[in-house]
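So this one's my_file.txt, compact mmCIF, C-alpha atoms:
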```txt
# COMPACT_ATOMS: atom_id res chain seq x y z
CA MET A 138 -4.04 42.35 12.65
CA ILE A 139 -4.16 39.26 14.85
CA ALA A 140 -5.88 37.34 12.04
CA LEU A 141 -3.01 38.31 9.71
CA TYR A 142 -0.42 37.00 12.19
CA ILE A 143 -2.32 33.73 12.57
CA PHE A 144 -2.53 33.38 8.78
CA LEU A 145 1.23 34.02 8.41
CA VAL A 146 2.05 31.47 11.13
CA ILE A 147 -0.15 28.84 9.48
CA LEU A 148 1.39 29.62 6.08
CA ALA A 149 4.91 29.33 7.52
CA LEU A 150 4.05 25.98 9.10
CA LEU A 151 2.64 24.69 5.81
CA ILE A 152 5.76 25.80 3.92
CA LEU A 153 7.95 24.14 6.56
CA LEU A 154 5.85 20.98 6.33
CA CYS A 155 6.45 20.84 2.58
CA PHE A 156 10.19 20.42 3.16
CA VAL A 157 9.83 17.72 5.84
CA ARG A 158 11.09 14.30 4.76
CA VAL A 159 9.32 11.04 5.39
CA GLN A 160 12.02 8.37 5.49
CA VAL A 161 11.37 4.67 5.01
CA PHE A 162 13.76 2.00 6.29
CA ALA A 163 13.10 -1.59 5.24
CA SER A 164 15.22 -4.71 5.66
CA TYR A 165 14.74 -8.43 5.25
CA THR A 166 16.77 -11.45 6.29
CA ASP A 167 14.67 -13.93 8.24
CA ASP A 168 11.88 -11.43 8.86
CA LEU A 169 10.65 -8.16 7.34
CA ARG A 170 11.45 -5.02 9.31
CA LEU A 171 9.85 -1.70 8.38
CA ARG A 172 9.96 1.69 10.09
CA LEU A 173 9.19 5.29 9.21
CA LYS A 174 11.04 8.37 10.39
CA VAL A 175 9.62 11.91 10.34
CA LEU A 176 11.99 14.53 11.78
CA PHE A 177 13.06 13.04 15.12
CA PHE A 178 10.11 10.67 15.44
CA GLU A 179 10.31 7.00 14.47
CA ILE A 180 7.34 4.72 13.85
CA LYS A 181 7.96 0.98 13.90
CA LEU A 182 5.51 -0.79 11.58
CA LEU A 183 6.99 -4.29 11.27
CA PRO A 184 7.37 -6.58 13.06
CA ALA A 185 4.17 -5.62 14.82
CA PRO A 186 4.40 -5.41 18.62
CA GLU A 187 2.96 -8.37 20.47
CA LYS A 188 -0.55 -7.80 21.72
CA LYS A 189 -1.33 -8.34 25.37
CA GLU A 190 -3.72 -11.13 26.15
CA LYS A 191 -7.22 -9.83 26.59
CA LYS A 192 -9.23 -10.73 29.63
CA GLU A 193 -11.95 -13.24 29.07
CA LYS A 194 -15.23 -11.53 28.45
CA LYS A 195 -18.36 -12.71 30.12
CA LYS A 196 -20.55 -14.67 27.83
CA PRO A 197 -23.78 -12.85 27.04
CA GLU A 198 -26.95 -14.44 28.26
CA LYS A 199 -28.75 -16.49 25.70
CA LYS A 200 -31.73 -14.73 24.25
CA GLU A 201 -34.95 -16.50 23.60
CA LYS A 202 -35.25 -17.67 20.05
CA LYS A 203 -37.89 -15.91 18.02
CA PRO A 204 -40.36 -18.07 16.12
CA LYS A 205 -39.23 -18.86 12.60
CA LYS A 206 -41.01 -17.07 9.81
CA ALA A 207 -42.43 -18.76 6.77
CA GLU A 208 -40.18 -19.03 3.68
CA GLY A 209 -42.39 -16.71 1.63
CA GLU A 210 -42.23 -14.00 4.28
CA LYS A 211 -38.41 -14.39 4.50
CA GLU A 212 -37.96 -13.91 0.73
CA GLU A 213 -40.14 -10.80 0.74
CA GLU A 214 -38.19 -9.29 3.64
CA GLU A 215 -34.82 -10.08 1.98
CA LYS A 216 -35.94 -8.37 -1.22
CA LYS A 217 -36.95 -5.29 0.76
CA GLU A 218 -33.67 -5.24 2.75
CA LYS A 219 -31.34 -5.77 -0.23
CA LYS A 220 -30.73 -2.53 -2.07
CA PRO A 221 -28.94 -2.37 -5.42
CA SER A 222 -25.24 -1.59 -4.98
CA TYR A 223 -23.51 1.38 -6.56
CA LEU A 224 -21.82 -0.91 -9.12
CA SER A 225 -25.16 -2.47 -9.99
CA LYS A 226 -26.62 0.98 -10.63
CA LEU A 227 -23.64 1.88 -12.84
CA LYS A 228 -24.00 -1.40 -14.71
CA ASP A 229 -27.70 -0.74 -15.36
CA LYS A 230 -26.93 2.83 -16.41
CA LYS A 231 -23.90 2.30 -18.66
CA GLY A 232 -23.95 -1.42 -19.43
CA VAL A 233 -21.07 -3.90 -19.01
CA THR A 234 -18.93 -2.27 -21.71
CA GLY A 235 -19.36 1.18 -20.21
CA LEU A 236 -18.54 -0.15 -16.75
CA ILE A 237 -15.32 -1.74 -18.01
CA SER A 238 -14.31 1.50 -19.74
CA LEU A 239 -14.86 3.38 -16.47
CA PHE A 240 -12.63 0.94 -14.60
CA THR A 241 -10.00 1.29 -17.33
CA GLU A 242 -10.00 5.09 -16.97
CA LEU A 243 -9.80 4.77 -13.19
CA ALA A 244 -6.83 2.38 -13.50
CA LYS A 245 -5.05 4.85 -15.80
CA LEU A 246 -5.70 7.62 -13.29
CA ALA A 247 -4.28 5.54 -10.44
CA GLY A 248 -1.24 4.58 -12.52
CA GLY A 249 -0.53 8.19 -13.44
CA THR A 250 -0.82 9.29 -9.82
CA LEU A 251 1.49 6.53 -8.68
CA ASN A 252 4.08 7.48 -11.28
CA GLY A 253 3.82 11.11 -10.17
CA ILE A 254 4.51 10.19 -6.55
CA LEU A 255 7.29 7.72 -7.42
CA SER A 256 9.09 10.38 -9.48
CA HIS A 257 9.65 12.29 -6.22
CA VAL A 258 10.84 9.25 -4.25
CA VAL A 259 14.59 9.28 -3.56
CA ILE A 260 16.17 5.88 -2.97
CA ASN A 261 19.33 6.40 -0.94
CA LYS A 262 20.10 2.70 -0.73
CA LEU A 263 18.77 -0.36 -2.52
CA ASP A 264 20.70 -3.49 -1.66
CA VAL A 265 19.11 -6.81 -2.62
CA GLY A 266 20.62 -10.26 -2.87
CA ILE A 267 19.23 -13.71 -3.63
CA ALA A 268 21.12 -16.99 -3.51
CA LEU A 269 18.80 -19.51 -5.18
CA ASN A 270 18.81 -23.26 -4.57
CA SER A 271 15.97 -25.34 -6.04
CA GLY A 272 17.29 -28.73 -4.93
CA ASP A 273 19.18 -30.08 -7.95
CA ALA A 274 21.43 -28.43 -10.54
CA ALA A 275 18.96 -28.63 -13.45
CA SER A 276 15.98 -27.11 -11.60
CA THR A 277 18.24 -24.49 -9.98
CA ALA A 278 19.54 -23.36 -13.37
CA LEU A 279 16.00 -23.23 -14.78
CA SER A 280 14.63 -21.31 -11.80
CA TYR A 281 17.60 -18.93 -11.88
CA GLY A 282 16.91 -18.09 -15.53
CA LYS A 283 13.24 -17.38 -14.79
CA LEU A 284 14.17 -15.26 -11.77
CA CYS A 285 16.61 -13.15 -13.80
CA SER A 286 14.03 -12.56 -16.54
CA VAL A 287 11.59 -11.12 -13.98
CA PHE A 288 13.78 -9.58 -11.30
CA TYR A 289 16.19 -7.42 -13.32
CA PRO A 290 13.43 -5.75 -15.41
CA ALA A 291 11.55 -4.99 -12.17
CA VAL A 292 14.65 -3.34 -10.69
CA ASN A 293 15.13 -1.33 -13.91
CA VAL A 294 11.56 -0.06 -13.65
CA ILE A 295 12.07 0.99 -10.02
CA THR A 296 15.35 2.77 -10.71
CA SER A 297 13.92 4.53 -13.77
CA VAL A 298 10.74 5.93 -12.18
CA THR A 299 12.47 7.01 -8.94
CA VAL A 300 15.59 8.99 -8.11
CA CYS A 301 17.91 6.10 -7.24
CA LYS A 302 21.26 7.24 -5.84
CA SER A 303 22.74 3.84 -5.03
CA TYR A 304 21.71 0.27 -5.75
CA ASN A 305 23.35 -3.13 -5.67
CA VAL A 306 21.53 -6.24 -6.87
CA THR A 307 23.07 -9.69 -6.67
CA LEU A 308 21.53 -12.93 -7.94
CA GLU A 309 23.40 -16.21 -7.87
CA PRO A 310 22.51 -19.87 -8.40
CA VAL A 311 23.55 -22.23 -5.61
CA PHE A 312 24.54 -25.76 -6.59
CA ASP A 313 25.65 -26.80 -3.12
CA SER A 314 23.03 -29.15 -1.69
CA ASP A 315 23.98 -28.21 1.88
CA ARG A 316 23.23 -24.52 1.34
CA GLU A 317 19.65 -23.30 1.39
CA THR A 318 18.12 -20.40 -0.53
CA GLU A 319 19.04 -17.06 1.03
CA VAL A 320 17.31 -13.71 0.55
CA TYR A 321 18.30 -10.36 2.01
CA ALA A 322 17.33 -6.76 1.35
CA ASP A 323 18.20 -3.37 2.77
CA VAL A 324 16.32 -0.30 1.51
CA HIS A 325 16.39 3.34 2.58
CA ALA A 326 14.18 5.85 0.74
CA HIS A 327 12.56 9.20 1.42
CA ILE A 328 10.04 11.63 -0.03
CA ARG A 329 9.23 15.21 0.89
CA VAL A 330 5.74 15.70 2.32
CA GLY A 331 5.11 18.66 0.00
CA PHE A 332 5.54 16.57 -3.16
CA ALA A 333 3.29 13.82 -1.80
CA LEU A 334 0.58 16.34 -0.86
CA LEU A 335 0.82 18.01 -4.27
CA GLU A 336 0.41 14.72 -6.12
CA ALA A 337 -2.45 13.73 -3.80
CA LEU A 338 -4.15 17.07 -4.53
CA LYS A 339 -3.74 16.54 -8.28
CA ALA A 340 -5.18 13.03 -7.94
CA GLY A 341 -8.09 14.40 -5.91
CA VAL A 342 -8.95 16.97 -8.59
CA LYS A 343 -8.74 14.35 -11.36
CA LEU A 344 -10.86 11.94 -9.33
CA LEU A 345 -13.46 14.65 -8.74
CA ILE A 346 -13.64 15.37 -12.48
CA PHE A 347 -13.85 11.63 -13.17
CA ARG A 348 -16.65 11.29 -10.59
CA ILE A 349 -18.63 14.17 -12.15
CA ARG A 350 -18.35 12.51 -15.57
CA MET A 351 -19.82 9.30 -14.14
```
This entry written out as structure tokens:
Amino acid sequence: MIALYIFLVILALLILLCFVRVQVFASYTDDLRLRLKVLFFEIKLLPAPEKKEKKEKKKPEKKEKKPKKAEGEKEEEEKKEKKPSYLSKLKDKKGVTGLISLFTELAKLAGGTLNGILSHVVINKLDVGIALNSGDAASTALSYGKLCSVFYPAVNVITSVTVCKSYNVTLEPVFDSDRETEVYADVHAHIRVGFALLEALKAGVKLLIFRIRM
């Protein structure tokens, strides 16, 4: 009976954990700031806290140098010490073409897992702005065109693979020589732990099957 109660408590905790949100807050002006929030706990990731200066360690006593070995003996020892890596074994087993195909399958697996996780990410706020100044009017206009051709498609990809509730993206060319390039960003997103664990479990099973096939 006690074992049943323990099992029910653990099951209830796991179910509760599945509904817990992991929130991400990121902002950028002059420096990148990043923090996580789980329930009432906050974890500050960036900027990293300053490390305290470590006390100077005593220098170890110099050890007596061992007599140098002959070059032939060195080469024999190096051959004995060096073992073929896992990739080398795979290359010998499947050849270069087979190795590339394995990496391609692994990349597809990683991409599918990432898409699965991103589909459960909720973006509450995505606010990004760039005021671009490349020095003179001609280069600014050229750089602005290149930036638009890359930036807007990237934002479209993000908003299409996630659940984006609110976003505001502003790009503008700056032709005032006294004004420098300015970049700012403010992002707030969250994901439920249960969805992340489920996708991680799926990825683990697929990776295990992939590993068995190798």
Closest contacts (region 297-351 of chain A/region 154-178 of chain A, max 9 Å, only C-alpha atoms) as JSON lines:
```
{"residue": "A:Glu319", "atom": "CA", "partner": "A:Thr166", "partner_atom": "CA", "distance": 8.0}
{"residue": "A:Val320", "atom": "CA", "partner": "A:Thr166", "partner_atom": "CA", "distance": 6.2}
{"residue": "A:Tyr321", "atom": "CA", "partner": "A:Thr166", "partner_atom": "CA", "distance": 4.7}
{"residue": "A:Ala322", "atom": "CA", "partner": "A:Tyr165", "partner_atom": "CA", "distance": 5.0}
{"residue": "A:Asp323", "atom": "CA", "partner": "A:Ser164", "partner_atom": "CA", "distance": 4.4}
{"residue": "A:Val324", "atom": "CA", "partner": "A:Ala163", "partner_atom": "CA", "distance": 5.1}
{"residue": "A:His325", "atom": "CA", "partner": "A:Phe162", "partner_atom": "CA", "distance": 4.7}
{"residue": "A:Ala326", "atom": "CA", "partner": "A:Val161", "partner_atom": "CA", "distance": 5.2}
{"residue": "A:His327", "atom": "CA", "partner": "A:Gln160", "partner_atom": "CA", "distance": 4.2}
{"residue": "A:Ile328", "atom": "CA", "partner": "A:Val159", "partner_atom": "CA", "distance": 5.5}
{"residue": "A:Arg329", "atom": "CA", "partner": "A:Arg158", "partner_atom": "CA", "distance": 4.4}
{"residue": "A:Val330", "atom": "CA", "partner": "A:Cys155", "partner_atom": "CA", "distance": 5.2}
{"residue": "A:Gly331", "atom": "CA", "partner": "A:Cys155", "partner_atom": "CA", "distance": 3.6}
{"residue": "A:Phe332", "atom": "CA", "partner": "A:Cys155", "partner_atom": "CA", "distance": 7.2}
{"residue": "A:Ala333", "atom": "CA", "partner": "A:Cys155", "partner_atom": "CA", "distance": 8.9}
{"residue": "A:Leu334", "atom": "CA", "partner": "A:Cys155", "partner_atom": "CA", "distance": 8.2}
```
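If you measure from each of A:Pro184, A:Gly253, A:Gly282, A:Gly341 to Glu309 (chain A) using all atoms listed in the file, the closest one turns out to be A:Gly282.
Picture a line from CA of Asn270 (chain A) to CA of Leu308 (chain A); it runs 11.2 Å.
Each of A:Ser271, A:Thr318, A:Ser286, A:Asn261 was checked against Val300 (chain A) using all atoms listed in the file; the smallest atom-to-atom distance is that of A:Asn261.
In this model, the gap between CA of Val287 (chain A) and CA of Thr307 (chain A) comes to 13.7 Å.
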Inset, instruction - Find the residues near Pro310 (chain A): any atom within 9 Å, counting all atoms listed in the file, skip ones fewer than 2 places away on the same chain, and give them as an NGL selection string. - result: :A and (267-271 or 274 or 277-278 or 280-281 or 308 or 312)
Store the residues picked out above, limited to C-alpha atoms, as a PDB file, keeping the file's coordinate frame.
```pdb
ATOM      1  CA  ILE A 267      19.230 -13.710  -3.630  1.00  0.00           C
ATOM      2  CA  ALA A 268      21.120 -16.990  -3.510  1.00  0.00           C
ATOM      3  CA  LEU A 269      18.800 -19.510  -5.180  1.00  0.00           C
ATOM      4  CA  ASN A 270      18.810 -23.260  -4.570  1.00  0.00           C
ATOM      5  CA  SER A 271      15.970 -25.340  -6.040  1.00  0.00           C
ATOM      6  CA  ALA A 274      21.430 -28.430 -10.540  1.00  0.00           C
ATOM      7  CA  THR A 277      18.240 -24.490  -9.980  1.00  0.00           C
ATOM      8  CA  ALA A 278      19.540 -23.360 -13.370  1.00  0.00           C
ATOM      9  CA  SER A 280      14.630 -21.310 -11.800  1.00  0.00           C
ATOM     10  CA  TYR A 281      17.600 -18.930 -11.880  1.00  0.00           C
ATOM     11  CA  LEU A 308      21.530 -12.930  -7.940  1.00  0.00           C
ATOM     12  CA  PHE A 312      24.540 -25.760  -6.590  1.00  0.00           C
TER      13      PHE A 312
END
```
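Between CA of Val298 (chain A) and CA of Leu151 (chain A) there is a distance of 27.2 Å.
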